[in-house]
Amino acid sequence: MIDIKKIRNSPDIIREGLIARGLPGNTVDSLLTLDSRRRTLLQDTESLKSRRNTVSKEIGQRRKAGDDIGETQRQMREIGDRISGLDREVAEIEKELHEKMVWIPNIPHRSVPRGSNEKDNEVVHAVGESKELSFDPLDHIALGERLGLFDFGRATRMSGSGFPLLIGQGAKLQRALIGFMLDMHVRQHGYTEVWPPALCTSEAMTGTGQLPKLEEDMYRLPEDDLYLIPTGEVPLTNMYREEIIEQPLPIQLTAYTPCFRREAGAAGRNTRGLIRVHQFDKVEMVKFVEPSTSYDELQKLLVDAEDVLRALELPYRVLSLCTADLSFAAAKCFDIELWCPGQDDWLEVSSCSNFEDFQARRAGIRYRTKNGKTDYVHTLNGSGVALPRLVVALLENNQQADGSVRIPDPLIPYMDGCEILRATGETPAKQP
RNA sequence: GGAGGGAUGGCUGAGUGGUCGAAAGCACCGGUCUUGAAAACCGGCGACCUGAAAGGGUCCGGGGGUUCGAAUCCCUCUCCCUCCGCCA
């Protein structure tokens, strides 16, 4: 949520921010109209309440003294009616204002490149080189089938299209990567490991900004009014929902979670294989920081995510998303994309975002400043990183001419010493 | 799922329909004392909205009601605890 005071005091900045995102700027004016109406009514009702409070106190005293208070009570009854009328009006306006406000996205940071579509995203840097393969690379689907790592046909039979089913060394590779990434963030980057719920309430979803805009992209359980999380960001960020954090900042959390997305409207493109699925897994990082430090923390977060890819020696690039491609709640965002030779394309495996106080306002996450006041924290999150695209990149980049796949060194202990994935001719592949 | 009990400030915990935003303790901040620290003592210490300010208003789990006036009475929802049942 944007601070209504900020809209009130510098409407031009907000208007510009909305326009940069390709939205109509005049939304600001309808918000301002409601806001000023609200404050006018508030002053009316509050001055009546002030009078009621004083007179009610007097009534108490006069009754004790034995005075006749019948007439005063009658007057106060009338004032009470006027107050409830005004309060109702205020409540209506506040509801209307709130309903509008939850649809307003965050304002892009000034360093965000302006653009009208994803082509305007800026490449910040690229790391690692795509190995020149002396043979025609297979894609991960062909590789996985030959190696017996997964089985999409059987997955479809039990769950419909778009669900991964990993088997044998495929399942183990997934688990190895999760363990490897969590260990790295905990041991080297100073995050606290968390194992959160995978279902969250609509309040939590609103807090991080998934609702109301992304309602259609989420799985919902109507019986219980719960949603399956589309990202670990939701439970991790909501851990401090409606709290004044008294412990020192920053707080850094990491978690493995499954993620669920309906991908409504995404049918057709990339629906084969592991690239776009309804259920996937992710190691997520979330930070709660002091506002003045949040852009430094964003750089560190990005490096924490990049470390995973550097350790695995995978070629990647970092993009600074332009104003048009920025997600709803983000003020600034870096995407990390892996080069996948079998796709002949880049695949997004991480978004590292600074939400500034946008989520903190929605979720009521505050901290204690040095002078004892409360203020909203800044929240950040980034994937560190997303599976199973990491598996795709690993298979496609590390494939060898005979169709086997080399396991990167740091992962070998997590694979119980297995250095190369080889075809066994069996499905499911027998594990060594 | 059934029965009973509870929800008060960062924490513990008093609270009679009016003088309660709320005792007390802890924690925290400032000061005195001390070479320094601890202890002791003194003082301060909730959040939010509104207002240029002075000030005003709201909040005792959420929502609704009774009343001139509600933390306190009534209804309802949620959550927590105990016991029983079921269960990985």
# chains A, B, ... in the order shown; residues from 1 in each chain; ligands from 1
>>> closest_atom_pairs(of="chain B", to="chain A", cutoff="8 Å", atoms="only C-alpha atoms (C1' of nucleotides)", output="CSV")
residue,atom,partner,partner_atom,distance
B:G10,C1',A:Glu246,CA,7.1
B:G18,C1',A:Gly60,CA,5.6
B:U50,C1',A:Gln43,CA,7.1
B:G56,C1',A:Ser50,CA,6.8
B:G57,C1',A:Glu46,CA,5.4
B:C68,C1',A:Gln73,CA,4.7
B:G69,C1',A:Ser56,CA,5.4
>>> write_last_selection(atoms="N, CA and C atoms (P, O5', C5', C4', C3', O3' and C1' of nucleotides)", output="compact mmCIF listing (two decimals), in the first residue's frame")
# COMPACT_ATOMS: atom_id res chain seq x y z
P G B 10 2.25 -3.64 22.51
O5' G B 10 3.72 -4.16 22.72
C5' G B 10 4.32 -5.00 21.76
C4' G B 10 5.39 -5.84 22.41
C3' G B 10 4.91 -6.65 23.59
O3' G B 10 4.33 -7.87 23.19
C1' G B 10 6.90 -5.52 24.16
P G B 18 -18.17 2.50 36.93
O5' G B 18 -18.23 3.57 35.76
C5' G B 18 -17.02 3.92 35.10
C4' G B 18 -17.16 5.31 34.50
C3' G B 18 -16.46 6.39 35.32
O3' G B 18 -15.56 6.98 34.42
C1' G B 18 -18.69 7.03 34.76
P U B 50 -4.74 10.78 8.97
O5' U B 50 -5.45 11.98 9.75
C5' U B 50 -6.82 12.26 9.53
C4' U B 50 -7.27 13.35 10.46
C3' U B 50 -6.46 14.63 10.43
O3' U B 50 -6.83 15.45 9.33
C1' U B 50 -6.88 14.02 12.67
P G B 56 -7.89 17.74 24.59
O5' G B 56 -8.67 17.22 23.30
C5' G B 56 -9.85 17.87 22.88
C4' G B 56 -10.34 17.28 21.58
C3' G B 56 -10.53 15.78 21.59
O3' G B 56 -11.74 15.39 22.21
C1' G B 56 -9.36 16.39 19.65
P G B 57 -11.85 13.98 22.96
O5' G B 57 -11.86 12.99 21.73
C5' G B 57 -12.93 13.02 20.79
C4' G B 57 -12.63 12.10 19.64
C3' G B 57 -12.40 10.65 20.02
O3' G B 57 -13.61 9.97 20.23
C1' G B 57 -10.73 11.34 18.51
P C B 68 -29.89 6.59 26.82
O5' C B 68 -28.55 7.44 26.70
C5' C B 68 -28.46 8.54 25.79
C4' C B 68 -27.24 9.35 26.11
C3' C B 68 -25.97 8.54 26.27
O3' C B 68 -25.37 8.27 25.02
C1' C B 68 -26.16 10.03 28.08
P G B 69 -24.82 6.82 24.72
O5' G B 69 -23.60 6.71 25.74
C5' G B 69 -22.44 7.50 25.53
C4' G B 69 -21.48 7.35 26.67
C3' G B 69 -21.05 5.92 26.97
O3' G B 69 -20.03 5.49 26.09
C1' G B 69 -21.61 7.02 28.97
>>> select_by_dssp(residues="segment 35-250 of chain A", states="alpha helix (DSSP H)", output="VMD selection string")
chain A and resid 35 to 65 70 to 101 140 to 147 152 to 159 169 to 187 202 to 208 233 to 237
>>> write_last_selection(atoms="C-alpha atoms", output="mmCIF file, in the first residue's frame")
data_model
loop_
_atom_site.group_PDB
_atom_site.id
_atom_site.type_symbol
_atom_site.label_atom_id
_atom_site.label_comp_id
_atom_site.auth_asym_id
_atom_site.auth_seq_id
_atom_site.Cartn_x
_atom_site.Cartn_y
_atom_site.Cartn_z
ATOM 1 C CA ASP A 35 -9.409 11.328 1.275
ATOM 2 C CA SER A 36 -10.469 14.923 1.708
ATOM 3 C CA ARG A 37 -14.126 13.939 2.133
ATOM 4 C CA ARG A 38 -13.063 11.474 4.788
ATOM 5 C CA ARG A 39 -11.118 14.034 6.745
ATOM 6 C CA THR A 40 -13.940 16.552 6.652
ATOM 7 C CA LEU A 41 -16.414 14.024 8.029
ATOM 8 C CA LEU A 42 -13.906 12.875 10.591
ATOM 9 C CA GLN A 43 -13.604 16.359 11.992
ATOM 10 C CA ASP A 44 -17.374 16.683 12.237
ATOM 11 C CA THR A 45 -17.895 13.440 14.074
ATOM 12 C CA GLU A 46 -14.916 13.910 16.330
ATOM 13 C CA SER A 47 -15.994 17.304 17.574
ATOM 14 C CA LEU A 48 -19.400 15.806 18.411
ATOM 15 C CA LYS A 49 -17.703 12.955 20.217
ATOM 16 C CA SER A 50 -15.599 15.387 22.156
ATOM 17 C CA ARG A 51 -18.750 17.106 23.350
ATOM 18 C CA ARG A 52 -20.407 13.810 24.205
ATOM 19 C CA ASN A 53 -17.434 12.763 26.300
ATOM 20 C CA THR A 54 -17.455 15.980 28.296
ATOM 21 C CA VAL A 55 -21.191 16.032 28.867
ATOM 22 C CA SER A 56 -21.313 12.334 29.763
ATOM 23 C CA LYS A 57 -18.782 12.954 32.473
ATOM 24 C CA GLU A 58 -20.877 15.832 33.776
ATOM 25 C CA ILE A 59 -23.972 13.659 33.792
ATOM 26 C CA GLY A 60 -22.231 11.192 36.026
ATOM 27 C CA GLN A 61 -21.285 13.907 38.478
ATOM 28 C CA ARG A 62 -24.663 15.662 38.417
ATOM 29 C CA ARG A 63 -26.505 12.408 38.942
ATOM 30 C CA LYS A 64 -24.440 11.826 42.039
ATOM 31 C CA ALA A 65 -25.349 15.310 43.225
ATOM 32 C CA GLY A 70 -33.490 14.119 31.874
ATOM 33 C CA GLU A 71 -33.271 16.974 29.373
ATOM 34 C CA THR A 72 -29.505 16.633 28.943
ATOM 35 C CA GLN A 73 -29.874 12.936 28.336
ATOM 36 C CA ARG A 74 -32.442 13.626 25.639
ATOM 37 C CA GLN A 75 -30.053 16.020 23.898
ATOM 38 C CA MET A 76 -27.211 13.576 24.148
ATOM 39 C CA ARG A 77 -29.341 10.843 22.674
ATOM 40 C CA GLU A 78 -29.806 13.010 19.631
ATOM 41 C CA ILE A 79 -26.106 13.729 19.389
ATOM 42 C CA GLY A 80 -25.463 10.026 19.646
ATOM 43 C CA ASP A 81 -27.671 9.457 16.622
ATOM 44 C CA ARG A 82 -25.825 12.084 14.618
ATOM 45 C CA ILE A 83 -22.525 10.514 15.583
ATOM 46 C CA SER A 84 -23.548 7.051 14.448
ATOM 47 C CA GLY A 85 -24.795 8.518 11.172
ATOM 48 C CA LEU A 86 -21.479 10.259 10.542
ATOM 49 C CA ASP A 87 -19.497 7.211 11.637
ATOM 50 C CA ARG A 88 -21.371 5.117 9.124
ATOM 51 C CA GLU A 89 -20.504 7.580 6.390
ATOM 52 C CA VAL A 90 -16.861 7.612 7.393
ATOM 53 C CA ALA A 91 -16.775 3.819 7.429
ATOM 54 C CA GLU A 92 -18.273 3.678 3.937
ATOM 55 C CA ILE A 93 -15.752 6.129 2.564
ATOM 56 C CA GLU A 94 -12.869 4.352 4.239
ATOM 57 C CA LYS A 95 -14.021 1.086 2.750
ATOM 58 C CA GLU A 96 -14.223 2.628 -0.685
ATOM 59 C CA LEU A 97 -10.815 4.216 -0.275
ATOM 60 C CA HIS A 98 -9.294 0.956 0.910
ATOM 61 C CA GLU A 99 -10.804 -0.988 -1.984
ATOM 62 C CA LYS A 100 -9.200 1.452 -4.391
ATOM 63 C CA MET A 101 -5.881 1.581 -2.559
ATOM 64 C CA HIS A 140 15.955 -31.444 -20.679
ATOM 65 C CA ILE A 141 12.949 -33.502 -21.688
ATOM 66 C CA ALA A 142 14.973 -35.743 -23.978
ATOM 67 C CA LEU A 143 17.798 -35.934 -21.476
ATOM 68 C CA GLY A 144 15.482 -36.731 -18.605
ATOM 69 C CA GLU A 145 13.709 -39.447 -20.534
ATOM 70 C CA ARG A 146 16.964 -41.109 -21.504
ATOM 71 C CA LEU A 147 18.240 -40.916 -17.955
ATOM 72 C CA PHE A 152 5.322 -36.575 -17.439
ATOM 73 C CA GLY A 153 2.822 -39.097 -18.778
ATOM 74 C CA ARG A 154 2.214 -40.671 -15.409
ATOM 75 C CA ALA A 155 2.021 -37.231 -13.767
ATOM 76 C CA THR A 156 -0.713 -36.203 -16.172
ATOM 77 C CA ARG A 157 -2.704 -39.328 -15.421
ATOM 78 C CA MET A 158 -2.843 -38.575 -11.704
ATOM 79 C CA SER A 159 -2.982 -34.752 -11.702
ATOM 80 C CA GLN A 169 18.158 -39.744 -9.534
ATOM 81 C CA GLY A 170 15.859 -36.998 -10.814
ATOM 82 C CA ALA A 171 14.059 -36.808 -7.478
ATOM 83 C CA LYS A 172 17.348 -37.031 -5.673
ATOM 84 C CA LEU A 173 18.909 -34.249 -7.745
ATOM 85 C CA GLN A 174 16.009 -32.021 -6.790
ATOM 86 C CA ARG A 175 16.446 -32.813 -3.103
ATOM 87 C CA ALA A 176 20.207 -32.352 -3.367
ATOM 88 C CA LEU A 177 19.781 -28.893 -4.861
ATOM 89 C CA ILE A 178 17.338 -27.862 -2.150
ATOM 90 C CA GLY A 179 19.709 -29.008 0.591
ATOM 91 C CA PHE A 180 22.680 -27.395 -1.089
ATOM 92 C CA MET A 181 20.964 -24.018 -1.454
ATOM 93 C CA LEU A 182 19.532 -23.952 2.063
ATOM 94 C CA ASP A 183 22.906 -24.852 3.537
ATOM 95 C CA MET A 184 24.603 -22.105 1.570
ATOM 96 C CA HIS A 185 22.175 -19.391 2.674
ATOM 97 C CA VAL A 186 22.295 -20.497 6.292
ATOM 98 C CA ARG A 187 26.041 -21.120 6.587
ATOM 99 C CA SER A 202 -6.555 -14.141 2.243
ATOM 100 C CA GLU A 203 -5.247 -11.580 4.744
ATOM 101 C CA ALA A 204 -1.732 -12.923 4.344
ATOM 102 C CA MET A 205 -2.137 -12.946 0.569
ATOM 103 C CA THR A 206 -3.261 -9.322 0.666
ATOM 104 C CA GLY A 207 -0.362 -8.437 2.928
ATOM 105 C CA THR A 208 2.266 -9.409 0.403
ATOM 106 C CA GLU A 233 7.513 -15.037 0.054
ATOM 107 C CA VAL A 234 3.963 -15.167 1.394
ATOM 108 C CA PRO A 235 4.451 -17.164 4.609
ATOM 109 C CA LEU A 236 7.933 -15.766 5.255
ATOM 110 C CA THR A 237 6.966 -12.113 4.935
#
>>> residues_around(residues="Val102 of chain A", least_positions_apart="4", cutoff="9 Å", atoms="only C-alpha atoms (C1' of nucleotides)", output="PyMOL selection string")
chain A and resi 1-2+97-98+206+209+211-213+362
>>> write_last_selection(atoms="N, CA, C and O atoms", output="compact mmCIF listing (two decimals), in the first residue's frame")
# COMPACT_ATOMS: atom_id res chain seq x y z
N MET A 1 0.85 -1.19 0.00
CA MET A 1 0.00 0.00 0.00
C MET A 1 0.88 1.24 0.00
O MET A 1 1.84 1.32 0.75
N ILE A 2 0.49 2.19 -0.80
CA ILE A 2 1.20 3.46 -0.77
C ILE A 2 0.64 4.29 0.38
O ILE A 2 -0.54 4.20 0.72
N LEU A 97 -12.20 3.80 -0.10
CA LEU A 97 -10.81 4.22 -0.27
C LEU A 97 -9.88 3.01 -0.21
O LEU A 97 -8.99 2.84 -1.05
N HIS A 98 -10.13 2.14 0.75
CA HIS A 98 -9.29 0.96 0.91
C HIS A 98 -9.38 0.06 -0.33
O HIS A 98 -8.38 -0.44 -0.83
N THR A 206 -3.13 -10.76 0.90
CA THR A 206 -3.26 -9.32 0.67
C THR A 206 -2.04 -8.58 1.20
O THR A 206 -1.57 -7.62 0.60
N GLY A 209 0.62 -8.74 -1.29
CA GLY A 209 0.23 -8.14 -2.56
C GLY A 209 -0.21 -9.13 -3.63
O GLY A 209 -0.44 -8.75 -4.76
N LEU A 211 -3.05 -10.73 -3.45
CA LEU A 211 -4.44 -10.31 -3.58
C LEU A 211 -4.50 -8.79 -3.51
O LEU A 211 -3.69 -8.18 -2.85
N PRO A 212 -5.45 -8.18 -4.20
CA PRO A 212 -6.49 -8.83 -4.99
C PRO A 212 -6.09 -9.17 -6.43
O PRO A 212 -6.80 -9.91 -7.09
N LYS A 213 -4.96 -8.68 -6.88
CA LYS A 213 -4.70 -8.70 -8.32
C LYS A 213 -4.51 -10.10 -8.90
O LYS A 213 -4.91 -10.37 -10.02
N ARG A 362 0.82 -2.90 4.10
CA ARG A 362 -0.32 -3.80 3.92
C ARG A 362 -0.39 -4.81 5.06
O ARG A 362 -1.47 -5.18 5.51
>>> residues_around(residues="C59 of chain B", least_positions_apart="6", cutoff="12 Å", atoms="only C-alpha atoms (C1' of nucleotides)", output="JSON, numbers by chain")
{"B": [8, 9, 21, 22, 46, 47, 48, 49, 71]}
>>> write_last_selection(atoms="N, CA, C and O atoms (P, O5', C5', C4', C3', O3' and C1' of nucleotides)", output="CSV table (one decimal), in the first residue's frame")
chain,number,residue,atom,x,y,z
B,8,U,P,-4.6,-11.0,26.5
B,8,U,O5',-5.3,-9.6,26.9
B,8,U,C5',-5.6,-8.6,25.8
B,8,U,C4',-5.8,-7.3,26.5
B,8,U,C3',-4.5,-6.6,27.0
B,8,U,O3',-3.8,-5.9,26.0
B,8,U,C1',-6.2,-6.5,28.6
B,9,G,P,-2.5,-6.5,25.3
B,9,G,O5',-1.5,-5.3,25.4
B,9,G,C5',-0.8,-4.8,24.2
B,9,G,C4',-0.2,-3.4,24.5
B,9,G,C3',1.3,-3.5,24.9
B,9,G,O3',2.1,-2.9,23.9
B,9,G,C1',0.1,-2.3,26.5
B,21,G,P,-10.2,7.0,30.2
B,21,G,O5',-8.9,6.1,30.0
B,21,G,C5',-8.1,6.2,28.9
B,21,G,C4',-6.7,5.8,29.3
B,21,G,C3',-5.6,6.6,28.6
B,21,G,O3',-4.4,6.7,29.4
B,21,G,C1',-5.5,4.4,27.9
B,22,A,P,-4.6,6.8,31.0
B,22,A,O5',-5.1,5.3,31.5
B,22,A,C5',-4.1,4.3,31.9
B,22,A,C4',-4.9,3.3,32.6
B,22,A,C3',-4.1,2.0,32.9
B,22,A,O3',-3.4,2.1,34.2
B,22,A,C1',-6.1,1.4,31.8
B,46,G,P,3.7,5.9,26.6
B,46,G,O5',3.4,4.8,25.5
B,46,G,C5',4.3,3.7,25.3
B,46,G,C4',3.7,2.7,24.4
B,46,G,C3',3.2,3.2,23.1
B,46,G,O3',4.2,3.2,22.1
B,46,G,C1',1.4,2.0,24.1
B,47,A,P,4.2,4.2,20.9
B,47,A,O5',3.0,3.7,20.0
B,47,A,C5',3.2,2.4,19.4
B,47,A,C4',1.9,2.0,18.7
B,47,A,C3',1.3,3.1,17.7
B,47,A,O3',2.0,2.9,16.4
B,47,A,C1',-0.4,2.4,19.1
B,48,C,P,2.1,4.2,15.5
B,48,C,O5',0.6,4.5,15.0
B,48,C,C5',0.0,3.6,14.1
B,48,C,C4',-1.5,3.9,14.0
B,48,C,C3',-1.8,5.2,13.5
B,48,C,O3',-1.7,5.3,12.1
B,48,C,C1',-3.2,4.7,15.4
B,49,C,P,-1.5,6.8,11.5
B,49,C,O5',-2.9,7.5,11.5
B,49,C,C5',-4.0,6.9,10.8
B,49,C,C4',-5.2,7.7,11.2
B,49,C,C3',-5.2,9.2,10.9
B,49,C,O3',-5.4,9.5,9.6
B,49,C,C1',-6.1,8.8,13.1
B,71,A,P,-14.6,1.1,27.0
B,71,A,O5',-13.6,-0.2,27.3
B,71,A,C5',-13.6,-1.3,26.3
B,71,A,C4',-13.3,-2.5,27.0
B,71,A,C3',-14.4,-3.2,27.9
B,71,A,O3',-15.2,-4.0,27.1
B,71,A,C1',-12.4,-3.1,29.1
>>> residues_around(residues="segment 9-24 of chain A", least_positions_apart="6", cutoff="6 Å", atoms="only C-alpha atoms (C1' of nucleotides)", output="VMD selection string")
chain A and resid 107 323 to 324
>>> residues_around(residues="Asp225 of chain A", least_positions_apart="2", cutoff="12 Å", atoms="only C-alpha atoms (C1' of nucleotides)", output="list of chain:residue names")
A:Leu199, A:Cys200, A:Thr201, A:Ser202, A:Glu203, A:Ala204, A:Met205, A:Tyr219, A:Arg220, A:Leu221, A:Pro222, A:Glu223, A:Tyr227, A:Leu228
>>> write_last_selection(atoms="N, CA, C and O atoms", output="PDB file, in the first residue's frame")
ATOM      1  N   LEU A 199      -0.224 -23.221   3.017  1.00  0.00           N
ATOM      2  CA  LEU A 199      -1.544 -22.629   2.812  1.00  0.00           C
ATOM      3  C   LEU A 199      -1.620 -21.370   3.655  1.00  0.00           C
ATOM      4  O   LEU A 199      -1.219 -21.378   4.820  1.00  0.00           O
ATOM      5  N   CYS A 200      -2.133 -20.297   3.066  1.00  0.00           N
ATOM      6  CA  CYS A 200      -2.229 -19.043   3.804  1.00  0.00           C
ATOM      7  C   CYS A 200      -3.608 -18.415   3.606  1.00  0.00           C
ATOM      8  O   CYS A 200      -4.301 -18.695   2.634  1.00  0.00           O
ATOM      9  N   THR A 201      -3.947 -17.527   4.541  1.00  0.00           N
ATOM     10  CA  THR A 201      -5.247 -16.865   4.498  1.00  0.00           C
ATOM     11  C   THR A 201      -5.258 -15.733   3.470  1.00  0.00           C
ATOM     12  O   THR A 201      -4.210 -15.286   3.006  1.00  0.00           O
ATOM     13  N   SER A 202      -6.447 -15.248   3.183  1.00  0.00           N
ATOM     14  CA  SER A 202      -6.555 -14.141   2.243  1.00  0.00           C
ATOM     15  C   SER A 202      -5.903 -12.882   2.811  1.00  0.00           C
ATOM     16  O   SER A 202      -5.368 -12.065   2.067  1.00  0.00           O
ATOM     17  N   GLU A 203      -5.907 -12.740   4.140  1.00  0.00           N
ATOM     18  CA  GLU A 203      -5.247 -11.580   4.744  1.00  0.00           C
ATOM     19  C   GLU A 203      -3.746 -11.614   4.458  1.00  0.00           C
ATOM     20  O   GLU A 203      -3.140 -10.601   4.112  1.00  0.00           O
ATOM     21  N   ALA A 204      -3.165 -12.794   4.617  1.00  0.00           N
ATOM     22  CA  ALA A 204      -1.732 -12.923   4.344  1.00  0.00           C
ATOM     23  C   ALA A 204      -1.452 -12.639   2.874  1.00  0.00           C
ATOM     24  O   ALA A 204      -0.485 -11.955   2.523  1.00  0.00           O
ATOM     25  N   MET A 205      -2.313 -13.139   2.011  1.00  0.00           N
ATOM     26  CA  MET A 205      -2.137 -12.946   0.569  1.00  0.00           C
ATOM     27  C   MET A 205      -2.260 -11.465   0.195  1.00  0.00           C
ATOM     28  O   MET A 205      -1.587 -10.984  -0.705  1.00  0.00           O
ATOM     29  N   TYR A 219      -4.475 -21.193  -6.450  1.00  0.00           N
ATOM     30  CA  TYR A 219      -5.399 -22.254  -6.066  1.00  0.00           C
ATOM     31  C   TYR A 219      -6.014 -21.865  -4.737  1.00  0.00           C
ATOM     32  O   TYR A 219      -5.317 -21.458  -3.812  1.00  0.00           O
ATOM     33  N   ARG A 220      -7.347 -22.038  -4.664  1.00  0.00           N
ATOM     34  CA  ARG A 220      -8.037 -21.626  -3.449  1.00  0.00           C
ATOM     35  C   ARG A 220      -8.875 -22.778  -2.909  1.00  0.00           C
ATOM     36  O   ARG A 220      -9.453 -23.545  -3.677  1.00  0.00           O
ATOM     37  N   LEU A 221      -8.918 -22.890  -1.589  1.00  0.00           N
ATOM     38  CA  LEU A 221      -9.759 -23.890  -0.944  1.00  0.00           C
ATOM     39  C   LEU A 221     -10.942 -23.164  -0.323  1.00  0.00           C
ATOM     40  O   LEU A 221     -10.832 -22.626   0.774  1.00  0.00           O
ATOM     41  N   PRO A 222     -12.074 -23.129  -1.020  1.00  0.00           N
ATOM     42  CA  PRO A 222     -13.194 -22.303  -0.565  1.00  0.00           C
ATOM     43  C   PRO A 222     -13.760 -22.747   0.782  1.00  0.00           C
ATOM     44  O   PRO A 222     -14.204 -21.916   1.559  1.00  0.00           O
ATOM     45  N   GLU A 223     -13.718 -24.038   1.068  1.00  0.00           N
ATOM     46  CA  GLU A 223     -14.265 -24.534   2.339  1.00  0.00           C
ATOM     47  C   GLU A 223     -13.594 -23.867   3.539  1.00  0.00           C
ATOM     48  O   GLU A 223     -14.220 -23.651   4.564  1.00  0.00           O
ATOM     49  N   TYR A 227      -5.554 -20.239   0.651  1.00  0.00           N
ATOM     50  CA  TYR A 227      -4.935 -20.317  -0.664  1.00  0.00           C
ATOM     51  C   TYR A 227      -3.652 -21.117  -0.583  1.00  0.00           C
ATOM     52  O   TYR A 227      -2.924 -21.011   0.409  1.00  0.00           O
ATOM     53  N   LEU A 228      -3.345 -21.872  -1.637  1.00  0.00           N
ATOM     54  CA  LEU A 228      -2.036 -22.507  -1.730  1.00  0.00           C
ATOM     55  C   LEU A 228      -1.047 -21.420  -2.107  1.00  0.00           C
ATOM     56  O   LEU A 228      -1.305 -20.617  -3.012  1.00  0.00           O
TER      57      LEU A 228
END
>>> residues_around(residues="G31 of chain B", least_positions_apart="2", cutoff="12 Å", atoms="only C-alpha atoms (C1' of nucleotides)", output="JSON, numbers by chain")
{"B": [29, 33, 41, 42, 43, 44]}
>>> closest_residue(among="A:Lys370, A:Ala360, A:Leu394, A:Leu321", to="Pro108 of chain A", atoms="only C-alpha atoms")
A:Leu321
>>> select_by_dssp(residues="segment 219-378 of chain A", states="strand (DSSP E or B)", output="number ranges by chain")
A: 220-221, 226-228, 243-245, 251-260, 279-289, 316-320, 332-340, 345-354, 365-368, 374-376, 378
>>> atom_distance(atom1="atom CA of Arg389 of chain A", atom2="atom CA of Phe280 of chain A")
9.1 Å
>>> atom_distance(atom1="atom CA of Val308 of chain A", atom2="atom CA of Gly403 of chain A")
24.8 Å
